[in-house]
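> So here's structure.pdb (PDB, C-alpha atoms and all ligand atoms).
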ATOM      1  CA  MET H   1    -110.423 -26.007  69.516
ATOM      2  CA  LYS H   2    -109.205 -24.858  66.127
ATOM      3  CA  ILE H   3    -109.953 -26.430  62.779
ATOM      4  CA  LEU H   4    -107.252 -25.856  60.189
ATOM      5  CA  GLN H   5    -108.209 -25.733  56.514
ATOM      6  CA  ASN H   6    -105.307 -25.003  54.172
ATOM      7  CA  LYS H   7    -103.116 -23.815  57.032
ATOM      8  CA  GLY H   8    -100.128 -26.134  56.471
ATOM      9  CA  LYS H   9     -96.827 -24.254  56.413
ATOM     10  CA  PHE H  10     -93.203 -25.054  55.642
ATOM     11  CA  LYS H  11     -90.132 -23.137  56.729
ATOM     12  CA  ILE H  12     -86.703 -23.837  55.279
ATOM     13  CA  LEU H  13     -84.406 -23.751  58.309
ATOM     14  CA  ALA H  14     -81.222 -24.486  56.401
ATOM     15  CA  LEU H  15     -79.943 -25.133  52.935
ATOM     16  CA  MET H  16     -76.462 -26.564  53.297
ATOM     17  CA  ILE H  17     -73.573 -24.332  52.270
ATOM     18  CA  GLY H  18     -69.824 -24.933  52.450
ATOM     19  CA  ILE H  19     -67.645 -23.847  55.372
ATOM     20  CA  ASP H  20     -65.960 -21.474  52.905
ATOM     21  CA  GLY H  21     -69.315 -20.131  51.696
ATOM     22  CA  LYS H  22     -69.747 -22.470  48.724
ATOM     23  CA  SER H  23     -73.381 -22.507  47.587
ATOM     24  CA  PRO H  24     -75.250 -25.854  47.408
ATOM     25  CA  LEU H  25     -74.561 -25.985  43.668
ATOM     26  CA  GLU H  26     -70.871 -25.221  44.163
ATOM     27  CA  LEU H  27     -70.620 -27.956  46.790
ATOM     28  CA  ILE H  28     -72.243 -30.458  44.456
ATOM     29  CA  GLU H  29     -69.984 -29.333  41.618
ATOM     30  CA  TRP H  30     -66.885 -29.723  43.813
ATOM     31  CA  ALA H  31     -67.899 -33.245  44.816
ATOM     32  CA  GLY H  32     -68.919 -34.185  41.280
ATOM     33  CA  ARG H  33     -65.692 -32.973  39.693
ATOM     34  CA  THR H  34     -63.753 -35.343  41.951
ATOM     35  CA  SER H  35     -64.905 -38.080  39.558
ATOM     36  CA  TYR H  36     -63.317 -36.420  36.539
ATOM     37  CA  LYS H  37     -60.333 -34.773  38.300
ATOM     38  CA  SER H  38     -61.567 -31.518  36.776
ATOM     39  CA  HIS H  39     -61.577 -29.043  39.694
ATOM     40  CA  HIS H  40     -59.339 -26.797  37.563
ATOM     41  CA  LYS H  41     -62.357 -26.193  35.289
ATOM     42  CA  ILE H  42     -64.320 -24.493  38.065
ATOM     43  CA  THR H  43     -65.183 -20.879  37.253
ATOM     44  CA  LYS H  44     -67.471 -18.319  38.890
ATOM     45  CA  ASP H  45     -70.479 -19.694  37.047
ATOM     46  CA  SER H  46     -69.580 -23.253  36.039
ATOM     47  CA  ALA H  47     -71.646 -24.878  38.822
ATOM     48  CA  LYS H  48     -75.034 -24.369  37.152
ATOM     49  CA  LYS H  49     -73.950 -26.020  33.909
ATOM     50  CA  PHE H  50     -72.099 -28.852  35.632
ATOM     51  CA  VAL H  51     -74.891 -29.719  38.090
ATOM     52  CA  GLY H  52     -77.515 -29.439  35.336
ATOM     53  CA  MET H  53     -75.512 -31.914  33.263
ATOM     54  CA  ILE H  54     -75.076 -34.323  36.201
ATOM     55  CA  ARG H  55     -78.812 -34.231  36.942
ATOM     56  CA  LYS H  56     -79.803 -34.783  33.315
ATOM     57  CA  LEU H  57     -77.426 -37.752  33.040
ATOM     58  CA  GLY H  58     -79.169 -39.239  36.081
ATOM     59  CA  HIS H  59     -76.063 -39.272  38.309
ATOM     60  CA  GLU H  60     -78.312 -38.362  41.206
ATOM     61  CA  SER H  61     -75.985 -39.609  43.940
ATOM     62  CA  VAL H  62     -73.925 -36.430  43.389
ATOM     63  CA  LEU H  63     -76.959 -34.359  44.453
ATOM     64  CA  GLU H  64     -76.664 -35.972  47.891
ATOM     65  CA  HIS H  65     -73.819 -33.576  48.766
ATOM     66  CA  SER H  66     -76.178 -30.820  49.890
ATOM     67  CA  SER H  67     -79.149 -31.054  52.261
ATOM     68  CA  MET H  68     -82.128 -29.080  53.443
ATOM     69  CA  ILE H  69     -83.688 -28.832  56.912
ATOM     70  CA  VAL H  70     -87.397 -27.997  56.817
ATOM     71  CA  GLU H  71     -90.024 -27.452  59.486
ATOM     72  CA  PHE H  72     -93.654 -28.329  58.736
ATOM     73  CA  THR H  73     -96.413 -26.877  60.929
ATOM     74  CA  GLY H  74    -100.208 -26.711  60.801
ATOM     75  CA  ILE H  75    -100.213 -30.284  59.516
ATOM     76  CA  SER H  76    -101.750 -33.481  60.834
ATOM     77  CA  ARG H  77    -100.433 -36.703  62.298
ATOM     78  CA  GLY H  78    -101.680 -38.334  59.086
ATOM     79  CA  PHE H  79     -99.363 -36.054  57.086
ATOM     80  CA  THR H  80     -96.363 -36.825  59.294
ATOM     81  CA  HIS H  81     -97.105 -40.536  59.241
ATOM     82  CA  GLU H  82     -96.820 -40.441  55.443
ATOM     83  CA  LEU H  83     -93.734 -38.213  55.559
ATOM     84  CA  VAL H  84     -91.740 -40.464  57.882
ATOM     85  CA  ARG H  85     -92.123 -43.369  55.464
ATOM     86  CA  HIS H  86     -89.300 -41.697  53.527
ATOM     87  CA  ARG H  87     -86.444 -43.520  55.151
ATOM     88  CA  LEU H  88     -83.432 -41.634  53.848
ATOM     89  CA  ALA H  89     -84.109 -38.624  56.058
ATOM     90  CA  SER H  90     -83.922 -37.508  59.702
ATOM     91  CA  TYR H  91     -86.980 -36.421  61.678
ATOM     92  CA  THR H  92     -87.921 -34.819  64.962
ATOM     93  CA  GLN H  93     -91.644 -34.663  65.669
ATOM     94  CA  GLN H  94     -93.631 -33.201  68.536
ATOM     95  CA  SER H  95     -94.416 -35.895  71.101
ATOM     96  CA  SER H  96     -98.068 -36.562  71.881
ATOM     97  CA  ARG H  97     -96.867 -38.631  74.861
ATOM     98  CA  TYR H  98     -95.313 -35.642  76.612
ATOM     99  CA  VAL H  99     -96.982 -32.592  75.058
ATOM    100  CA  ASP H 100    -100.528 -31.807  76.164
ATOM    101  CA  LYS H 101    -102.827 -31.484  73.146
ATOM    102  CA  SER H 102    -105.646 -29.599  74.899
ATOM    103  CA  ASP H 103    -105.351 -26.721  72.399
ATOM    104  CA  PHE H 104    -106.817 -29.310  70.028
ATOM    105  CA  MET H 105    -105.939 -28.169  66.516
ATOM    106  CA  VAL H 106    -107.270 -30.478  63.829
ATOM    107  CA  THR H 107    -106.699 -30.270  60.070
ATOM    108  CA  ALA H 108    -109.693 -30.831  57.794
ATOM    109  CA  PRO H 109    -110.238 -31.244  54.032
ATOM    110  CA  PRO H 110    -110.050 -27.736  52.498
ATOM    111  CA  GLU H 111    -113.250 -27.918  50.469
ATOM    112  CA  LYS H 112    -115.715 -29.454  52.934
ATOM    113  CA  ASN H 113    -118.473 -27.628  54.780
ATOM    114  CA  LEU H 114    -117.531 -28.448  58.347
ATOM    115  CA  LYS H 115    -120.703 -26.992  59.880
ATOM    116  CA  GLU H 116    -123.096 -29.202  57.947
ATOM    117  CA  LYS H 117    -124.978 -31.632  60.223
ATOM    118  CA  ILE H 118    -124.513 -34.847  58.300
ATOM    119  CA  VAL H 119    -123.965 -37.679  60.763
ATOM    120  CA  GLU H 120    -126.593 -39.084  63.131
ATOM    121  CA  LEU H 121    -125.122 -40.487  66.346
ATOM    122  CA  ASN H 122    -126.807 -43.026  68.635
ATOM    123  CA  LEU H 123    -126.159 -41.660  72.121
ATOM    124  CA  PRO H 124    -125.707 -43.945  75.155
ATOM    125  CA  ASN H 125    -129.024 -42.670  76.627
ATOM    126  CA  GLY H 126    -130.929 -44.008  73.623
ATOM    127  CA  THR H 127    -131.493 -40.645  71.885
ATOM    128  CA  LYS H 128    -130.163 -39.569  68.506
ATOM    129  CA  LEU H 129    -128.163 -36.453  67.673
ATOM    130  CA  LYS H 130    -127.250 -35.091  64.258
ATOM    131  CA  ILE H 131    -123.819 -33.503  64.247
ATOM    132  CA  SER H 132    -121.265 -31.895  61.945
ATOM    133  CA  PHE H 133    -117.499 -32.443  61.562
ATOM    134  CA  SER H 134    -116.948 -29.360  63.774
ATOM    135  CA  ASP H 135    -119.317 -30.718  66.429
ATOM    136  CA  TRP H 136    -117.403 -34.005  66.470
ATOM    137  CA  VAL H 137    -114.037 -32.243  66.902
ATOM    138  CA  ASN H 138    -115.598 -30.274  69.744
ATOM    139  CA  LEU H 139    -116.828 -33.479  71.442
ATOM    140  CA  ASN H 140    -113.460 -35.133  70.892
ATOM    141  CA  GLU H 141    -111.744 -32.130  72.487
ATOM    142  CA  GLN H 142    -114.089 -32.288  75.487
ATOM    143  CA  MET H 143    -113.284 -35.970  75.917
ATOM    144  CA  TYR H 144    -109.494 -35.402  75.734
ATOM    145  CA  ARG H 145    -109.631 -32.484  78.146
ATOM    146  CA  GLY H 146    -111.935 -34.461  80.448
ATOM    147  CA  LEU H 147    -109.500 -37.370  80.591
ATOM    148  CA  ARG H 148    -106.599 -34.999  81.336
ATOM    149  CA  LYS H 149    -108.629 -33.324  84.074
ATOM    150  CA  ALA H 150    -109.453 -36.732  85.521
ATOM    151  CA  GLY H 151    -105.722 -37.346  85.901
ATOM    152  CA  TRP H 152    -104.894 -39.245  82.730
ATOM    153  CA  ILE H 153    -101.383 -38.317  81.598
ATOM    154  CA  ALA H 154    -100.916 -37.163  78.008
ATOM    155  CA  GLN H 155     -99.577 -40.512  76.763
ATOM    156  CA  ASP H 156    -102.785 -42.248  77.925
ATOM    157  CA  ALA H 157    -105.282 -39.576  76.875
ATOM    158  CA  ARG H 158    -103.668 -39.409  73.415
ATOM    159  CA  GLN H 159    -105.301 -42.702  72.482
ATOM    160  CA  ILE H 160    -108.452 -40.817  71.563
ATOM    161  CA  LEU H 161    -106.766 -38.090  69.491
ATOM    162  CA  PRO H 162    -107.874 -37.968  65.848
ATOM    163  CA  ILE H 163    -105.408 -38.569  62.993
ATOM    164  CA  GLY H 164    -106.071 -34.938  61.989
ATOM    165  CA  ILE H 165    -104.457 -33.601  65.199
ATOM    166  CA  ASP H 166    -101.690 -31.096  64.482
ATOM    167  CA  SER H 167     -98.195 -32.516  64.647
ATOM    168  CA  PRO H 168     -95.206 -30.258  63.938
ATOM    169  CA  ILE H 169     -92.151 -31.971  62.483
ATOM    170  CA  VAL H 170     -88.645 -31.094  61.316
ATOM    171  CA  MET H 171     -87.144 -33.084  58.439
ATOM    172  CA  THR H 172     -83.584 -33.135  57.125
ATOM    173  CA  ALA H 173     -82.781 -34.779  53.811
ATOM    174  CA  ASN H 174     -80.316 -34.449  50.986
ATOM    175  CA  LEU H 175     -81.424 -32.884  47.700
ATOM    176  CA  ARG H 176     -81.691 -36.220  45.920
ATOM    177  CA  GLU H 177     -84.122 -37.472  48.550
ATOM    178  CA  TRP H 178     -86.110 -34.224  48.405
ATOM    179  CA  ARG H 179     -86.486 -34.783  44.648
ATOM    180  CA  HIS H 180     -87.788 -38.273  45.400
ATOM    181  CA  VAL H 181     -90.227 -36.946  48.016
ATOM    182  CA  PHE H 182     -91.550 -34.314  45.564
ATOM    183  CA  LYS H 183     -91.919 -36.979  42.870
ATOM    184  CA  LEU H 184     -94.146 -39.117  45.069
ATOM    185  CA  ARG H 185     -95.936 -36.528  47.183
ATOM    186  CA  CYS H 186     -96.690 -33.883  44.526
ATOM    187  CA  ASN H 187     -98.223 -36.549  42.312
ATOM    188  CA  LYS H 188    -102.002 -36.478  41.845
ATOM    189  CA  ALA H 189    -102.222 -39.863  43.567
ATOM    190  CA  ALA H 190    -100.900 -38.445  46.870
ATOM    191  CA  HIS H 191    -103.192 -37.378  49.719
ATOM    192  CA  TRP H 192    -104.388 -33.742  49.359
ATOM    193  CA  GLU H 193    -102.842 -32.550  52.614
ATOM    194  CA  ILE H 194     -99.250 -33.571  51.888
ATOM    195  CA  ARG H 195     -99.650 -32.866  48.143
ATOM    196  CA  ILE H 196    -100.828 -29.270  48.463
ATOM    197  CA  LEU H 197     -98.096 -28.304  50.925
ATOM    198  CA  MET H 198     -95.348 -30.148  49.030
ATOM    199  CA  VAL H 199     -96.323 -28.313  45.828
ATOM    200  CA  LYS H 200     -95.991 -24.963  47.657
ATOM    201  CA  PHE H 201     -92.631 -26.060  49.024
ATOM    202  CA  LEU H 202     -91.475 -27.255  45.586
ATOM    203  CA  LYS H 203     -92.456 -23.872  44.111
ATOM    204  CA  GLU H 204     -90.168 -22.175  46.634
ATOM    205  CA  VAL H 205     -87.171 -24.469  46.096
ATOM    206  CA  LYS H 206     -87.558 -24.160  42.323
ATOM    207  CA  LYS H 207     -86.864 -20.443  42.891
ATOM    208  CA  LYS H 208     -83.990 -21.016  45.327
ATOM    209  CA  ILE H 209     -82.071 -23.711  43.429
ATOM    210  CA  PRO H 210     -83.696 -24.075  39.997
ATOM    211  CA  ILE H 211     -80.987 -26.313  38.547
ATOM    212  CA  ILE H 212     -81.870 -29.077  41.008
ATOM    213  CA  PHE H 213     -85.655 -28.889  40.635
ATOM    214  CA  ASN H 214     -86.490 -27.212  37.312
ATOM    215  CA  ASP H 215     -87.501 -30.460  35.609
ATOM    216  CA  PHE H 216     -90.592 -30.491  37.856
ATOM    217  CA  GLU H 217     -93.641 -28.907  36.270
ATOM    218  CA  ILE H 218     -96.289 -27.517  38.594
ATOM    219  CA  ALA H 219     -99.881 -27.845  37.338
ATOM    220  CA  LYS H 220    -101.802 -24.615  36.610
ATOM    221  CA  ASP H 221    -104.076 -25.141  39.631
ATOM    222  CA  GLU H 222    -100.923 -25.654  41.781
ATOM    223  CA  LYS H 223    -102.395 -28.840  43.237
ATOM    224  CA  SER H 224     -99.889 -31.267  41.752
ATOM    225  CA  ALA H 225     -96.526 -31.458  40.018
ATOM    226  CA  THR H 226     -94.701 -34.025  37.913
ATOM    227  CA  ILE H 227     -91.325 -34.369  36.225
ATOM    228  CA  LYS H 228     -91.396 -33.113  32.622
ATOM    229  CA  LYS H 229     -90.704 -35.886  30.154
TER     230      LYS H 229
HETATM  231  C1  LIG A 301     -99.726 -42.179  46.659
HETATM  232  C2  LIG A 301     -99.110 -43.057  47.708
HETATM  233  C3  LIG A 301     -99.853 -44.024  48.326
HETATM  234  C4  LIG A 301     -99.276 -44.859  49.311
HETATM  235  N1  LIG A 301    -100.043 -45.811  49.910
HETATM  236  C5  LIG A 301     -99.486 -46.627  50.826
HETATM  237  C6  LIG A 301    -100.252 -47.649  51.476
HETATM  238  O1  LIG A 301    -101.441 -47.815  51.218
HETATM  239  N2  LIG A 301     -99.654 -48.433  52.401
HETATM  240  C7  LIG A 301     -98.325 -48.287  52.705
HETATM  241  O2  LIG A 301     -97.813 -49.037  53.554
HETATM  242  N3  LIG A 301     -97.578 -47.325  52.129
HETATM  243  C8  LIG A 301     -98.110 -46.504  51.205
HETATM  244  N4  LIG A 301     -97.346 -45.526  50.641
HETATM  245  C9  LIG A 301     -95.937 -45.370  51.082
HETATM  246  C10 LIG A 301     -94.950 -46.036  50.087
HETATM  247  O3  LIG A 301     -95.158 -47.413  50.021
HETATM  248  C11 LIG A 301     -93.483 -45.759  50.510
HETATM  249  O4  LIG A 301     -93.226 -46.340  51.770
HETATM  250  C12 LIG A 301     -93.176 -44.293  50.599
HETATM  251  O5  LIG A 301     -93.667 -43.622  49.479
HETATM  252  C13 LIG A 301     -91.668 -44.094  50.727
HETATM  253  O6  LIG A 301     -91.086 -44.175  49.429
HETATM  254  P1  LIG A 301     -89.811 -45.029  49.049
HETATM  255  O7  LIG A 301     -89.844 -46.342  49.701
HETATM  256  O8  LIG A 301     -89.653 -44.982  47.548
HETATM  257  O9  LIG A 301     -88.643 -44.189  49.539
HETATM  258  P2  LIG A 301     -87.657 -43.603  50.571
HETATM  259  O10 LIG A 301     -87.726 -44.277  51.891
HETATM  260  O11 LIG A 301     -87.845 -42.126  50.503
HETATM  261  O12 LIG A 301     -86.290 -43.989  49.884
HETATM  262  C14 LIG A 301     -85.854 -43.449  48.628
HETATM  263  C15 LIG A 301     -85.365 -44.548  47.711
HETATM  264  O13 LIG A 301     -84.231 -45.171  48.320
HETATM  265  C16 LIG A 301     -84.233 -46.552  48.042
HETATM  266  N5  LIG A 301     -84.361 -47.300  49.302
HETATM  267  C17 LIG A 301     -84.721 -46.808  50.522
HETATM  268  N6  LIG A 301     -84.665 -47.771  51.454
HETATM  269  C18 LIG A 301     -84.298 -48.895  50.820
HETATM  270  C19 LIG A 301     -84.102 -50.223  51.240
HETATM  271  N7  LIG A 301     -84.259 -50.624  52.501
HETATM  272  N8  LIG A 301     -83.727 -51.130  50.321
HETATM  273  C20 LIG A 301     -83.546 -50.772  49.027
HETATM  274  N9  LIG A 301     -83.727 -49.525  48.543
HETATM  275  C21 LIG A 301     -84.094 -48.588  49.440
HETATM  276  C22 LIG A 301     -85.407 -46.818  47.098
HETATM  277  O14 LIG A 301     -84.978 -46.707  45.766
HETATM  278  C23 LIG A 301     -86.360 -45.687  47.440
HETATM  279  O15 LIG A 301     -87.256 -45.395  46.391
HETATM  280  C24 LIG A 301     -97.895 -44.683  49.667
HETATM  281  C25 LIG A 301     -97.150 -43.687  49.033
HETATM  282  C26 LIG A 301     -97.734 -42.873  48.073
HETATM  283  C27 LIG A 301     -96.884 -41.794  47.423
END
Take the structure in the file and give it back as structure tokens.
Ligand SMILES: Cc1cc2nc3c(=O)[nH]c(=O)nc-3n(C[C@H](O)[C@H](O)[C@H](O)COP(=O)(O)OP(=O)(O)OC[C@H]3O[C@@H](n4cnc5c(N)ncnc54)[C@H](O)[C@@H]3O)c2cc1C

Amino acid sequence: MKILQNKGKFKILALMIGIDGKSPLELIEWAGRTSYKSHHKITKDSAKKFVGMIRKLGHESVLEHSSMIVEFTGISRGFTHELVRHRLASYTQQSSRYVDKSDFMVTAPPEKNLKEKIVELNLPNGTKLKISFSDWVNLNEQMYRGLRKAGWIAQDARQILPIGIDSPIVMTANLREWRHVFKLRCNKAAHWEIRILMVKFLKEVKKKIPIIFNDFEIAKDEKSATIKK
């Protein structure tokens, strides 16, 4: 059993570049200039200005001409359930039907004391037992492993897995959709688990391709971000 607090990670597997080595910005510029028949205006450093202008004008469909593939690990099934609601993306997620989850990694709220005995359970033998979050995860793990040992296959035993169970996922989306995901998931209203990791991810892509994401402002505590007005 392992309880993960603040252990969510992202890894950018790919940021789309052209077959001739064009950067994401150059690809977007090339596509965008098709509208104006202005490819002849392309210079070594025209892409930044052009893409910045396109983004500011709100012609966001042009930003769809480059994509990013990202792997998220150390995150829960709750996180991935929220992530896959974004429909304009492709996903591949670890299967809890076929993959045994006996290593039992569960994400937990970062600021809670997980050892504190706060919940009193009524046991089937009529006694009471006060347990902590950690104790419960331990019992849950014993139950899952017990079912597996008793011959239940993973897809049956998974019915008792908690929503906090770790669930690696790979997501591919274009840059317009990533902007949309950051807008919704870095907002204060989003759940802490997805919000905290998305803010870290946003911080990284702001460095990699600032022109696409530099209108996002990350809060001082790095727990949320919004688009600057
Ligand atoms: C803080 C928060 C709380 C939430 N709470 C709940 C909840 O309690 N219950 C719940 O069920 N969901 C909840 N959601 C999920 C939410 O309802 C959306 O399903 C999710 O955010 C995906 O966003 P989206 O639909 O804008 O975009 P995406 O699927 O990422 O699509 C991007 C954009 O493309 C366009 N688009 C995509 N598909 C279509 C389509 N079929 N037709 C027309 N336009 C389309 C829309 O403009 C959309 O905004 C919550 C989300 C957040 C951020």
> Hey, what comes out of the PyMOL selection byres (((not hetatm)) within 7 of (chain A and resi 301)) on this file? Could you write it as a list of chain:residue names?
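For this structure, the PyMOL selection byres (((not hetatm)) within 7 of (chain A and resi 301)) captures H:Glu82, H:Arg85, H:His86, H:Arg87, H:Leu88, H:Glu177, H:His180, H:Val181, H:Leu184, H:Arg185, H:Ala189, H:Ala190, H:His191.
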> Suppose you want the space between atom CA of Val137 of chain H and atom CA of Met198 of chain H; what is it in Å?
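Computed distance, atom CA of Val137 of chain H to atom CA of Met198 of chain H, equals 25.9 Å.
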> Near Arg195 of chain H, counting all atoms listed in the file, which residues have an atom at most 7 Å away, once you skip same-chain residues fewer than 6 positions from it, shown as a count of residues only?
4
> Tell me, in Å to one decimal, how far atom CA of Ile209 of chain H is from atom CA of Gly58 of chain H.
17.4 Å
> Which one of H:Arg158, H:Lys112, H:Arg77, H:Lys56 sits closest to Lys228 of chain H if you count all atoms listed in the file?
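Nearest to Lys228 of chain H: H:Lys56.
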> Quick one: everything within 9 Å of Ile211 of chain H, counting only C-alpha atoms, minus sequence neighbours fewer than 2 positions away in the same chain. Send it as a list in words.
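Once the nearby chain positions are removed, what remains is Leu25, Lys48, Lys49, Val51, Gly52, Arg55, Lys206, Ile209, Phe213, Asn214 and Asp215 of chain H.
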> Could you pull the residues within 9 Å of Lys183 of chain H, counting all atoms listed in the file, minus those fewer than 3 positions along the same chain, as a PDB file with C-alpha atoms, keeping the file's coordinate frame?

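Saved as part_16.pdb:
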ATOM      1  CA  TRP H 178     -86.110 -34.224  48.405  1.00  0.00           C
ATOM      2  CA  ARG H 179     -86.486 -34.783  44.648  1.00  0.00           C
ATOM      3  CA  HIS H 180     -87.788 -38.273  45.400  1.00  0.00           C
ATOM      4  CA  CYS H 186     -96.690 -33.883  44.526  1.00  0.00           C
ATOM      5  CA  ASN H 187     -98.223 -36.549  42.312  1.00  0.00           C
ATOM      6  CA  PHE H 216     -90.592 -30.491  37.856  1.00  0.00           C
ATOM      7  CA  ALA H 225     -96.526 -31.458  40.018  1.00  0.00           C
ATOM      8  CA  THR H 226     -94.701 -34.025  37.913  1.00  0.00           C
ATOM      9  CA  ILE H 227     -91.325 -34.369  36.225  1.00  0.00           C
TER      10      ILE H 227
END
> How many Å separate atom CA of Glu29 of chain H from atom CA of Glu71 of chain H?
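Atom CA of Glu29 of chain H sits 26.9 Å away from atom CA of Glu71 of chain H.
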> Up to 8 Å from (-77.5, -38.5, 46.7) in the file's coordinates: name the residues, counting all atoms listed in the file, as a PDB file with C-alpha atoms, in the coordinates of the input.

ATOM      1  CA  GLU H  60     -78.312 -38.362  41.206  1.00  0.00           C
ATOM      2  CA  SER H  61     -75.985 -39.609  43.940  1.00  0.00           C
ATOM      3  CA  VAL H  62     -73.925 -36.430  43.389  1.00  0.00           C
ATOM      4  CA  LEU H  63     -76.959 -34.359  44.453  1.00  0.00           C
ATOM      5  CA  GLU H  64     -76.664 -35.972  47.891  1.00  0.00           C
ATOM      6  CA  HIS H  65     -73.819 -33.576  48.766  1.00  0.00           C
ATOM      7  CA  ASN H 174     -80.316 -34.449  50.986  1.00  0.00           C
ATOM      8  CA  LEU H 175     -81.424 -32.884  47.700  1.00  0.00           C
ATOM      9  CA  ARG H 176     -81.691 -36.220  45.920  1.00  0.00           C
ATOM     10  CA  GLU H 177     -84.122 -37.472  48.550  1.00  0.00           C
TER      11      GLU H 177
END
> So, with all atoms listed in the file as the atoms that count, which of H:Ile218, H:Tyr36, H:Ile3, H:Met171 lies closest to Trp136 of chain H?
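Distance minimum relative to Trp136 of chain H lands on H:Ile3.
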> Please evaluate the PyMOL selection byres (((chain H and resi 93) around 12) and not hetatm) against the displayed coordinates and give the resulting residues as a list of chain:residue names.
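Expected selection for the PyMOL selection byres (((chain H and resi 93) around 12) and not hetatm) here is H:Val70, H:Glu71, H:Phe72, H:Thr73, H:Ile75, H:Ser76, H:Arg77, H:Phe79, H:Thr80, H:His81, H:Leu83, H:Val84, H:Ser90, H:Tyr91, H:Thr92, H:Gln94, H:Ser95, H:Ser96, H:Arg97, H:Tyr98, H:Val99, H:Asp166, H:Ser167, H:Pro168, H:Ile169, H:Val170, H:Met171, H:Thr172.
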> Extract, using all atoms listed in the file, all DNA, RNA and protein residues at most 8 Å from Pro24 of chain H, discarding same-chain residues fewer than 5 positions from it, and format them as a short mmCIF file (atom, residue, chain, number, x, y, z; two decimals) with C-alpha atoms, keeping the file's coordinate frame.

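part_13.cif was written with the following content:
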data_model
loop_
_atom_site.label_atom_id
_atom_site.label_comp_id
_atom_site.auth_asym_id
_atom_site.auth_seq_id
_atom_site.Cartn_x
_atom_site.Cartn_y
_atom_site.Cartn_z
CA LEU H 15 -79.94 -25.13 52.94
CA MET H 16 -76.46 -26.56 53.30
CA ILE H 17 -73.57 -24.33 52.27
CA GLY H 18 -69.82 -24.93 52.45
CA HIS H 65 -73.82 -33.58 48.77
CA SER H 66 -76.18 -30.82 49.89
#
> Write out as a PyMOL selection string which residues come within 10 Å of Asp156 of chain H when counting all atoms listed in the file, dropping same-chain ones fewer than 3 positions away.
chain H and resi 96-97+144+147-148+151-153+159-160
> What would the file look like if the residues just selected were written as an mmCIF file, in the coordinates of the input with C-alpha atoms?

data_model
loop_
_atom_site.group_PDB
_atom_site.id
_atom_site.type_symbol
_atom_site.label_atom_id
_atom_site.label_comp_id
_atom_site.auth_asym_id
_atom_site.auth_seq_id
_atom_site.Cartn_x
_atom_site.Cartn_y
_atom_site.Cartn_z
ATOM 1 C CA SER H 96 -98.068 -36.562 71.881
ATOM 2 C CA ARG H 97 -96.867 -38.631 74.861
ATOM 3 C CA TYR H 144 -109.494 -35.402 75.734
ATOM 4 C CA LEU H 147 -109.500 -37.370 80.591
ATOM 5 C CA ARG H 148 -106.599 -34.999 81.336
ATOM 6 C CA GLY H 151 -105.722 -37.346 85.901
ATOM 7 C CA TRP H 152 -104.894 -39.245 82.730
ATOM 8 C CA ILE H 153 -101.383 -38.317 81.598
ATOM 9 C CA GLN H 159 -105.301 -42.702 72.482
ATOM 10 C CA ILE H 160 -108.452 -40.817 71.563
#
